[in-house]
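Student: Data file upload_1.json (JSON, C-alpha atoms) is appended below.
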```json
[["chain", "number", "residue", "atom", "x", "y", "z"],
["A", 24, "MET", "CA", 95.57, 82.66, 73.81],
["A", 25, "ARG", "CA", 95.58, 86.29, 72.72],
["A", 26, "GLY", "CA", 94.55, 88.25, 75.78],
["A", 27, "PRO", "CA", 91.84, 87.37, 78.28],
["A", 28, "ARG", "CA", 88.88, 85.54, 76.73],
["A", 29, "TRP", "CA", 85.50, 87.26, 77.04],
["A", 30, "GLU", "CA", 83.55, 83.99, 77.27],
["A", 31, "VAL", "CA", 85.93, 82.53, 79.86],
["A", 32, "GLU", "CA", 87.66, 85.11, 82.06],
["A", 33, "GLY", "CA", 84.95, 87.65, 81.25],
["A", 34, "ARG", "CA", 81.91, 85.49, 81.95],
["A", 35, "ASN", "CA", 81.33, 87.13, 85.37],
["A", 36, "TRP", "CA", 82.73, 90.53, 84.40],
["A", 37, "PRO", "CA", 81.30, 93.47, 86.39],
["A", 38, "ASN", "CA", 78.54, 95.35, 84.51],
["A", 39, "ARG", "CA", 78.72, 92.78, 81.71],
["A", 40, "GLU", "CA", 75.21, 93.71, 80.58],
["A", 41, "GLY", "CA", 76.54, 97.10, 79.44],
["A", 42, "SER", "CA", 79.41, 95.64, 77.41],
["A", 43, "ARG", "CA", 79.72, 95.89, 73.66],
["A", 44, "PHE", "CA", 82.51, 95.46, 71.12],
["A", 45, "VAL", "CA", 83.25, 98.35, 68.78],
["A", 46, "GLU", "CA", 85.70, 98.43, 65.88],
["A", 47, "THR", "CA", 87.93, 101.35, 64.92],
["A", 48, "PRO", "CA", 90.99, 101.23, 62.62],
["A", 49, "GLY", "CA", 93.36, 98.62, 64.05],
["A", 50, "LEU", "CA", 91.31, 97.95, 67.18],
["A", 51, "LYS", "CA", 88.33, 95.97, 68.42],
["A", 52, "TRP", "CA", 87.34, 97.69, 71.64],
["A", 53, "HIS", "CA", 85.58, 96.30, 74.67],
["A", 54, "VAL", "CA", 83.55, 99.24, 75.94],
["A", 55, "GLN", "CA", 80.77, 99.54, 78.51],
["A", 56, "VAL", "CA", 77.97, 102.07, 78.01],
["A", 57, "ALA", "CA", 75.19, 102.69, 80.52],
["A", 58, "GLY", "CA", 72.66, 105.32, 81.51],
["A", 59, "ASP", "CA", 71.21, 108.38, 79.80],
["A", 60, "GLY", "CA", 72.06, 112.06, 79.90],
["A", 61, "PRO", "CA", 75.26, 114.08, 79.41],
["A", 62, "ALA", "CA", 78.15, 111.78, 78.49],
["A", 63, "ILE", "CA", 81.03, 111.06, 80.87],
["A", 64, "LEU", "CA", 84.09, 109.14, 79.71],
["A", 65, "LEU", "CA", 85.91, 106.99, 82.30],
["A", 66, "LEU", "CA", 89.52, 105.98, 81.56],
["A", 67, "HIS", "CA", 91.22, 103.36, 83.74],
["A", 68, "GLY", "CA", 94.92, 103.24, 84.63],
["A", 69, "THR", "CA", 97.81, 100.99, 83.67],
["A", 70, "GLY", "CA", 97.16, 97.30, 84.25],
["A", 71, "ALA", "CA", 93.43, 97.74, 84.87],
["A", 72, "ALA", "CA", 90.28, 97.64, 82.69],
["A", 73, "THR", "CA", 86.59, 98.57, 82.89],
["A", 74, "HIS", "CA", 86.22, 96.64, 86.16],
["A", 75, "SER", "CA", 88.09, 99.51, 87.82],
["A", 76, "TRP", "CA", 84.83, 101.52, 87.57],
["A", 77, "ARG", "CA", 82.58, 98.58, 88.53],
["A", 78, "ASP", "CA", 80.76, 100.40, 91.35],
["A", 79, "VAL", "CA", 81.20, 103.98, 90.11],
["A", 80, "LEU", "CA", 79.64, 103.31, 86.68],
["A", 81, "PRO", "CA", 76.14, 102.26, 87.87],
["A", 82, "LEU", "CA", 75.99, 105.18, 90.32],
["A", 83, "LEU", "CA", 76.80, 107.69, 87.58],
["A", 84, "ALA", "CA", 74.47, 105.97, 85.10],
["A", 85, "GLN", "CA", 71.53, 107.26, 87.15],
["A", 86, "ASP", "CA", 72.22, 110.74, 85.73],
["A", 87, "PHE", "CA", 74.65, 110.38, 82.84],
["A", 88, "THR", "CA", 75.54, 108.35, 79.78],
["A", 89, "VAL", "CA", 78.68, 106.63, 81.05],
["A", 90, "ILE", "CA", 81.30, 105.33, 78.60],
["A", 91, "ALA", "CA", 84.11, 103.14, 79.94],
["A", 92, "PRO", "CA", 86.49, 101.35, 77.54],
["A", 93, "ASP", "CA", 89.28, 98.85, 78.06],
["A", 94, "LEU", "CA", 92.27, 100.82, 76.78],
["A", 95, "PRO", "CA", 94.45, 99.30, 74.03],
["A", 96, "GLY", "CA", 96.75, 96.59, 75.35],
["A", 97, "HIS", "CA", 94.41, 96.01, 78.29],
["A", 98, "GLY", "CA", 91.49, 93.78, 79.18],
["A", 99, "TYR", "CA", 89.30, 92.56, 76.34],
["A", 100, "THR", "CA", 90.24, 95.23, 73.77],
["A", 101, "LYS", "CA", 92.20, 93.68, 70.88],
["A", 102, "GLY", "CA", 94.58, 95.24, 68.36],
["A", 103, "ARG", "CA", 97.00, 98.11, 68.45],
["A", 104, "PRO", "CA", 96.86, 101.86, 67.78],
["A", 105, "ARG", "CA", 98.84, 103.07, 64.78],
["A", 106, "GLN", "CA", 101.18, 105.05, 67.08],
["A", 107, "GLY", "CA", 101.51, 102.24, 69.60],
["A", 108, "LEU", "CA", 100.75, 102.49, 73.31],
["A", 109, "THR", "CA", 102.26, 105.97, 73.61],
["A", 110, "LEU", "CA", 100.26, 108.81, 75.14],
["A", 111, "LEU", "CA", 99.64, 110.21, 71.68],
["A", 112, "GLY", "CA", 98.66, 106.81, 70.31],
["A", 113, "MET", "CA", 96.27, 106.08, 73.16],
["A", 114, "ALA", "CA", 94.64, 109.51, 73.03],
["A", 115, "SER", "CA", 94.21, 109.34, 69.25],
["A", 116, "ALA", "CA", 92.63, 105.91, 69.61],
["A", 117, "VAL", "CA", 90.22, 107.20, 72.29],
["A", 118, "ILE", "CA", 89.14, 110.05, 69.98],
["A", 119, "ALA", "CA", 88.49, 107.54, 67.18],
["A", 120, "LEU", "CA", 86.38, 105.44, 69.56],
["A", 121, "LEU", "CA", 84.30, 108.45, 70.62],
["A", 122, "ASP", "CA", 83.77, 109.40, 66.97],
["A", 123, "THR", "CA", 82.60, 105.87, 66.17],
["A", 124, "LEU", "CA", 80.22, 105.91, 69.14],
["A", 125, "GLY", "CA", 78.96, 109.36, 68.12],
["A", 126, "GLN", "CA", 79.68, 110.71, 71.60],
["A", 127, "ARG", "CA", 81.20, 113.98, 72.77],
["A", 128, "PRO", "CA", 81.70, 113.76, 76.54],
["A", 129, "SER", "CA", 80.90, 116.72, 78.75],
["A", 130, "LEU", "CA", 83.51, 115.44, 81.22],
["A", 131, "ILE", "CA", 86.47, 113.03, 81.11],
["A", 132, "VAL", "CA", 87.52, 111.19, 84.26],
["A", 133, "GLY", "CA", 90.84, 109.35, 84.35],
["A", 134, "HIS", "CA", 92.50, 107.24, 87.01],
["A", 135, "SER", "CA", 96.30, 107.26, 87.32],
["A", 136, "ALA", "CA", 97.70, 106.95, 83.77],
["A", 137, "GLY", "CA", 94.13, 107.37, 82.51],
["A", 138, "ALA", "CA", 94.30, 110.98, 83.72],
["A", 139, "ALA", "CA", 97.34, 111.54, 81.50],
["A", 140, "ILE", "CA", 95.45, 110.08, 78.52],
["A", 141, "ALA", "CA", 92.49, 112.35, 79.33],
["A", 142, "ILE", "CA", 94.71, 115.45, 79.25],
["A", 143, "GLN", "CA", 96.38, 114.36, 76.02],
["A", 144, "THR", "CA", 92.95, 113.68, 74.48],
["A", 145, "VAL", "CA", 91.66, 117.14, 75.33],
["A", 146, "HIS", "CA", 94.88, 118.72, 74.05],
["A", 147, "LEU", "CA", 94.56, 116.91, 70.70],
["A", 148, "GLN", "CA", 90.96, 118.06, 70.36],
["A", 149, "GLY", "CA", 91.84, 121.65, 71.24],
["A", 150, "ALA", "CA", 88.92, 121.67, 73.67],
["A", 151, "ALA", "CA", 88.36, 123.13, 77.13],
["A", 152, "MET", "CA", 86.53, 120.02, 78.34],
["A", 153, "PRO", "CA", 86.39, 119.60, 82.15],
["A", 154, "LEU", "CA", 88.68, 116.90, 83.54],
["A", 155, "ILE", "CA", 88.99, 114.89, 86.76],
["A", 156, "GLY", "CA", 92.10, 112.91, 87.65],
["A", 157, "PHE", "CA", 91.89, 110.35, 90.44],
["A", 158, "ASN", "CA", 95.35, 109.62, 91.89],
["A", 159, "PRO", "CA", 96.78, 111.01, 88.66],
["A", 160, "ALA", "CA", 100.16, 110.01, 87.22],
["A", 161, "LEU", "CA", 101.03, 113.25, 85.42],
["A", 162, "MET", "CA", 104.60, 114.09, 86.37],
["A", 163, "PRO", "CA", 107.92, 112.25, 85.88],
["A", 164, "PHE", "CA", 109.05, 110.08, 88.78],
["A", 165, "PRO", "CA", 111.27, 112.08, 91.14],
["A", 166, "GLY", "CA", 115.04, 111.84, 91.06],
["A", 167, "LEU", "CA", 116.97, 109.06, 89.41],
["A", 168, "ALA", "CA", 113.85, 106.97, 88.83],
["A", 169, "ALA", "CA", 112.75, 109.48, 86.19],
["A", 170, "LYS", "CA", 115.69, 108.40, 84.04],
["A", 171, "LEU", "CA", 115.90, 104.72, 84.97],
["A", 172, "PHE", "CA", 112.27, 103.61, 84.97],
["A", 173, "PRO", "CA", 111.37, 104.04, 81.28],
["A", 174, "SER", "CA", 114.62, 102.36, 80.21],
["A", 175, "LEU", "CA", 114.05, 99.50, 82.65],
["A", 176, "ALA", "CA", 110.47, 99.05, 81.48],
["A", 177, "ARG", "CA", 111.61, 98.94, 77.86],
["A", 178, "MET", "CA", 114.29, 96.35, 78.64],
["A", 179, "LEU", "CA", 111.79, 94.18, 80.48],
["A", 180, "PHE", "CA", 109.18, 94.55, 77.77],
["A", 181, "VAL", "CA", 111.43, 93.29, 74.98],
["A", 182, "ASN", "CA", 112.13, 90.13, 77.00],
["A", 183, "PRO", "CA", 109.19, 87.83, 76.13],
["A", 184, "PHE", "CA", 109.63, 85.81, 79.30],
["A", 185, "VAL", "CA", 108.97, 88.70, 81.69],
["A", 186, "PRO", "CA", 105.19, 89.10, 81.05],
["A", 187, "ARG", "CA", 104.82, 85.29, 81.24],
["A", 188, "MET", "CA", 106.69, 85.26, 84.55],
["A", 189, "LEU", "CA", 104.51, 88.04, 85.98],
["A", 190, "ALA", "CA", 101.34, 86.27, 84.84],
["A", 191, "GLY", "CA", 102.54, 83.06, 86.46],
["A", 192, "ILE", "CA", 103.09, 84.84, 89.76],
["A", 193, "ALA", "CA", 99.62, 86.42, 89.53],
["A", 194, "ARG", "CA", 98.09, 82.95, 89.21],
["A", 195, "ILE", "CA", 99.46, 81.93, 92.62],
["A", 196, "PRO", "CA", 96.43, 81.94, 94.99],
["A", 197, "GLY", "CA", 96.26, 85.17, 96.95],
["A", 198, "GLU", "CA", 99.28, 86.78, 95.29],
["A", 199, "THR", "CA", 97.31, 89.32, 93.22],
["A", 200, "GLY", "CA", 95.56, 90.68, 96.28],
["A", 201, "ARG", "CA", 98.83, 90.91, 98.19],
["A", 202, "PHE", "CA", 100.52, 92.66, 95.26],
["A", 203, "LEU", "CA", 97.71, 95.22, 94.92],
["A", 204, "ARG", "CA", 97.86, 96.03, 98.62],
["A", 205, "ARG", "CA", 101.64, 96.51, 98.54],
["A", 206, "ALA", "CA", 101.72, 98.45, 95.27],
["A", 207, "THR", "CA", 98.72, 100.73, 95.81],
["A", 208, "GLY", "CA", 98.04, 100.97, 99.53],
["A", 209, "SER", "CA", 94.39, 100.09, 98.80],
["A", 210, "ALA", "CA", 92.23, 97.30, 100.19],
["A", 211, "ILE", "CA", 89.60, 96.48, 97.56],
["A", 212, "ASP", "CA", 86.69, 94.04, 97.52],
["A", 213, "VAL", "CA", 86.66, 90.39, 96.44],
["A", 214, "ARG", "CA", 85.01, 91.18, 93.08],
["A", 215, "GLY", "CA", 87.74, 93.64, 92.26],
["A", 216, "ILE", "CA", 90.53, 91.24, 93.19],
["A", 217, "ALA", "CA", 88.91, 88.49, 91.08],
["A", 218, "ALA", "CA", 88.85, 90.79, 88.05],
["A", 219, "TYR", "CA", 92.49, 91.77, 88.53],
["A", 220, "GLU", "CA", 93.37, 88.07, 88.85],
["A", 221, "ALA", "CA", 91.66, 87.33, 85.52],
["A", 222, "LEU", "CA", 93.69, 90.08, 83.85],
["A", 223, "MET", "CA", 97.06, 89.80, 85.54],
["A", 224, "GLY", "CA", 97.13, 86.05, 85.08],
["A", 225, "ASN", "CA", 97.24, 86.63, 81.31],
["A", 226, "HIS", "CA", 100.69, 87.42, 79.91],
["A", 227, "HIS", "CA", 99.31, 89.44, 76.98],
["A", 228, "HIS", "CA", 97.58, 91.82, 79.40],
["A", 229, "CYS", "CA", 100.78, 92.05, 81.48],
["A", 230, "GLY", "CA", 102.75, 92.76, 78.30],
["A", 231, "GLY", "CA", 100.33, 95.50, 77.28],
["A", 232, "ALA", "CA", 100.64, 97.19, 80.68],
["A", 233, "MET", "CA", 104.43, 97.00, 80.51],
["A", 234, "GLU", "CA", 104.54, 98.38, 76.98],
["A", 235, "MET", "CA", 102.32, 101.27, 78.03],
["A", 236, "MET", "CA", 104.72, 102.11, 80.87],
["A", 237, "ALA", "CA", 107.73, 101.76, 78.58],
["A", 238, "SER", "CA", 106.15, 104.13, 76.04],
["A", 239, "TRP", "CA", 105.21, 106.87, 78.51],
["A", 240, "ASP", "CA", 106.70, 110.35, 78.15],
["A", 241, "LEU", "CA", 105.57, 112.30, 81.21],
["A", 242, "ASP", "CA", 108.18, 114.99, 80.61],
["A", 243, "ALA", "CA", 106.33, 115.97, 77.44],
["A", 244, "LEU", "CA", 102.97, 115.78, 79.21],
["A", 245, "SER", "CA", 104.14, 118.02, 82.05],
["A", 246, "ARG", "CA", 104.99, 120.69, 79.47],
["A", 247, "LEU", "CA", 101.36, 120.59, 78.28],
["A", 248, "LEU", "CA", 99.86, 121.24, 81.69],
["A", 249, "PRO", "CA", 100.29, 125.04, 81.71],
["A", 250, "GLN", "CA", 98.53, 125.17, 78.32],
["A", 251, "LEU", "CA", 95.36, 123.45, 79.57],
["A", 252, "ARG", "CA", 92.25, 125.59, 79.17],
["A", 253, "SER", "CA", 90.09, 123.05, 80.99],
["A", 254, "ARG", "CA", 88.78, 123.23, 84.50],
["A", 255, "VAL", "CA", 90.51, 120.40, 86.36],
["A", 256, "LEU", "CA", 89.90, 118.57, 89.63],
["A", 257, "LEU", "CA", 92.72, 116.35, 90.91],
["A", 258, "VAL", "CA", 91.77, 113.88, 93.63],
["A", 259, "HIS", "CA", 94.58, 112.19, 95.53],
["A", 260, "SER", "CA", 94.77, 109.94, 98.60],
["A", 261, "SER", "CA", 96.91, 110.19, 101.70],
["A", 262, "GLY", "CA", 97.73, 106.45, 101.61],
["A", 263, "ASP", "CA", 98.69, 106.22, 97.92],
["A", 264, "THR", "CA", 101.91, 104.18, 97.70],
["A", 265, "ALA", "CA", 102.12, 104.40, 93.88],
["A", 266, "VAL", "CA", 102.02, 108.15, 93.13],
["A", 267, "PRO", "CA", 103.51, 110.60, 95.65],
["A", 268, "LEU", "CA", 101.37, 113.52, 96.80],
["A", 269, "SER", "CA", 104.23, 115.91, 95.99],
["A", 270, "SER", "CA", 103.94, 114.89, 92.33],
["A", 271, "VAL", "CA", 100.21, 115.67, 92.24],
["A", 272, "GLU", "CA", 100.74, 118.98, 94.06],
["A", 273, "GLN", "CA", 103.36, 119.93, 91.46],
["A", 274, "ALA", "CA", 100.94, 119.10, 88.62],
["A", 275, "ALA", "CA", 98.17, 121.11, 90.28],
["A", 276, "ARG", "CA", 100.43, 124.17, 90.45],
["A", 277, "LEU", "CA", 101.15, 123.93, 86.72],
["A", 278, "ILE", "CA", 97.50, 123.70, 85.60],
["A", 279, "PRO", "CA", 95.92, 127.18, 85.37],
["A", 280, "ASP", "CA", 92.42, 126.24, 86.59],
["A", 281, "CYS", "CA", 92.92, 123.37, 89.01],
["A", 282, "ARG", "CA", 91.65, 122.30, 92.42],
["A", 283, "LEU", "CA", 93.29, 119.52, 94.45],
["A", 284, "GLU", "CA", 91.41, 117.43, 96.99],
["A", 285, "VAL", "CA", 93.15, 114.86, 99.19],
["A", 286, "LEU", "CA", 91.14, 111.94, 100.58],
["A", 287, "PRO", "CA", 92.36, 110.68, 103.98],
["A", 288, "GLY", "CA", 93.09, 107.01, 104.64],
["A", 289, "LEU", "CA", 92.70, 105.70, 101.10],
["A", 290, "GLY", "CA", 95.21, 104.31, 98.60],
["A", 291, "HIS", "CA", 95.91, 104.54, 94.88],
["A", 292, "LEU", "CA", 92.63, 102.77, 94.07],
["A", 293, "ALA", "CA", 90.52, 105.19, 96.09],
["A", 294, "HIS", "CA", 87.67, 105.16, 93.55],
["A", 295, "GLU", "CA", 87.44, 101.38, 94.02],
["A", 296, "GLU", "CA", 87.61, 101.61, 97.81],
["A", 297, "ARG", "CA", 85.03, 104.42, 98.09],
["A", 298, "PRO", "CA", 82.96, 104.41, 94.88],
["A", 299, "GLY", "CA", 80.17, 106.44, 96.49],
["A", 300, "LYS", "CA", 82.59, 109.24, 97.34],
["A", 301, "ALA", "CA", 84.12, 109.09, 93.85],
["A", 302, "ALA", "CA", 80.70, 109.31, 92.19],
["A", 303, "GLU", "CA", 79.73, 112.22, 94.46],
["A", 304, "LEU", "CA", 82.87, 114.15, 93.51],
["A", 305, "ILE", "CA", 82.26, 113.49, 89.82],
["A", 306, "ARG", "CA", 78.60, 114.47, 89.99],
["A", 307, "THR", "CA", 79.31, 117.70, 91.93],
["A", 308, "PHE", "CA", 82.11, 118.72, 89.58],
["A", 309, "ALA", "CA", 80.00, 117.96, 86.51],
["A", 310, "ALA", "CA", 77.13, 120.06, 87.84],
["A", 311, "ALA", "CA", 79.40, 123.02, 88.62],
["A", 312, "SER", "CA", 81.04, 122.83, 85.19],
["A", 313, "ALA", "CA", 77.66, 122.66, 83.44],
["A", 314, "SER", "CA", 76.41, 125.63, 85.45],
["A", 315, "ASP", "CA", 79.42, 127.75, 84.52],
["A", 316, "GLU", "CA", 79.11, 126.77, 80.87],
["A", 317, "SER", "CA", 75.47, 127.86, 80.83],
["A", 318, "LYS", "CA", 76.56, 131.24, 82.23],
["A", 319, "GLY", "CA", 79.21, 131.54, 79.54],
["A", 320, "GLU", "CA", 82.07, 131.37, 82.05],
["A", 321, "PRO", "CA", 85.38, 129.81, 80.92],
["A", 322, "GLY", "CA", 86.47, 126.32, 81.95]]
```
Transcribe the structure of this file into structure tokens.
Tutor:
Amino acid sequence: MRGPRWEVEGRNWPNREGSRFVETPGLKWHVQVAGDGPAILLLHGTGAATHSWRDVLPLLAQDFTVIAPDLPGHGYTKGRPRQGLTLLGMASAVIALLDTLGQRPSLIVGHSAGAAIAIQTVHLQGAAMPLIGFNPALMPFPGLAAKLFPSLARMLFVNPFVPRMLAGIARIPGETGRFLRRATGSAIDVRGIAAYEALMGNHHHCGGAMEMMASWDLDALSRLLPQLRSRVLLVHSSGDTAVPLSSVEQAARLIPDCRLEVLPGLGHLAHEERPGKAAELIRTFAAASASDESKGEPG
């Protein structure tokens, strides 16, 4: 089995009616498109897929054309970018997907590592496109972990038994939900847990997530932040156990035009816990950015 199977694990996939499969060089993407209006691109984080936006997507589709792909190495997208699952490789692949779809988003929204991909994408395009990062992973891990984690992830990734072991653990009844609660600080709904179970129980998906972590260079990304010409909103949560608030505050200080909002009582998957609040923040930010653009103001 090469990754989760669309007709098996994906048969009850959230927003399945909006799914399509799109080919770009080296990749066959699973992407969901819904709604009509200005385009918004939604990028999930490491280990997730389009289901991460399951309740946000239909809310935004009332006013926007919403595009949400499974990133390479994740979900039902098959193949591999030419530059691998590095930030540069992922961002280049996203640009190729948008070109194939004939879409130029007015706003990119990324969750966790998806926020890093969003920033790298805008940097490659040389654009000043507005960005939102939910619980963004933009800075190196503090202290010794900054040096140890990438090396550890690489060592684990090259061992073919590790993704199989993780997938086996995920198939233990109830273990995926317990893991998500411990790792993120979020309590999500049954539909969300079922989708994570379908993904995390597949060793190819686990391997893709691990390779993405092993390939990450957040030191290089952090050096890009002061160069951003985009207006940026970072949304973090007080109960996030995956990304420390201090890291997001540091990123916000580096970005020239950035506002930080902290949501009380939510975890790393805040947009899954409170999709209505996430959609409201996105809609408000999109409207303000569009208004400023029409006035000829920067950002």
Student: Calculate how many Å separate atom CA of Ile131 of chain A from atom CA of Ile90 of chain A, rounding to one decimal.
Tutor: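 Between atom CA of Ile131 of chain A and atom CA of Ile90 of chain A the gap works out to 9.6 Å.
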Student: With only C-alpha atoms as the counted atoms, please give the residues lying no more than 7 Å from segment 35-48 of chain A, apart from itself and same-chain residues fewer than 5 positions off, as a list in words.
Tutor: His53, Val54, Gln55, Val56, Ala57, His74, Arg77, Ala119 and Leu120 of chain A
Student: Taking 2 positions as the minimum chain separation for residues in the same chain, which residues sit within 12 Å of Ser245 of chain A when counting all atoms listed in the file? Answer as a list in words.
Tutor: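 The neighbour list is Ala139, Ile142, Gln143, Ala160, Leu161, Met162, Pro163, Phe164, Trp239, Asp240, Leu241, Asp242, Ala243, Leu247, Leu248, Pro249, Gln250, Leu251, Ser270, Val271, Gln273, Ala274, Ala275, Arg276, Leu277 and Ile278 of chain A.
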Student: Restricting the calculation to all atoms listed in the file: of A:Gly70, A:Met113, A:Arg127, A:Glu30, which residue gets closest to Val89 of chain A?
Tutor: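 Answer, going by the shortest atom-to-atom distance: A:Arg127.
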Student: Under the rule of at most 12 Å, produce a per-residue listing of segment 61-152 of chain A near segment 207-226 of chain A: chain, number, name, the closest pair of atoms, and the distance in Å, as CSV, using only C-alpha atoms.
Tutor:
```
residue,atom,partner,partner_atom,distance
A:Thr69,CA,A:Met223,CA,11.4
A:Gly70,CA,A:Met223,CA,7.6
A:Ala71,CA,A:Tyr219,CA,7.1
A:Ala72,CA,A:Leu222,CA,8.4
A:Thr73,CA,A:Ala218,CA,9.6
A:His74,CA,A:Ala218,CA,6.7
A:Ser75,CA,A:Gly215,CA,7.4
A:Trp76,CA,A:Gly215,CA,9.6
A:Arg77,CA,A:Gly215,CA,8.1
A:Asp78,CA,A:Gly215,CA,9.8
A:Asp93,CA,A:Leu222,CA,11.4
A:Gly96,CA,A:His226,CA,11.0
A:His97,CA,A:Leu222,CA,8.2
A:Gly98,CA,A:Leu222,CA,6.4
A:Tyr99,CA,A:Leu222,CA,9.0
A:Thr100,CA,A:Leu222,CA,11.8
A:Ser135,CA,A:Thr207,CA,11.0
```
Student: Separation of atom CA of Lys51 of chain A and atom CA of Leu130 of chain A, in Å?
Tutor: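 Here the two named atoms are 23.8 Å from each other.
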Student: Can you measure atom CA of Ala141 of chain A to atom CA of Arg205 of chain A for me? One decimal in Å is fine.
Tutor: 26.5 Å
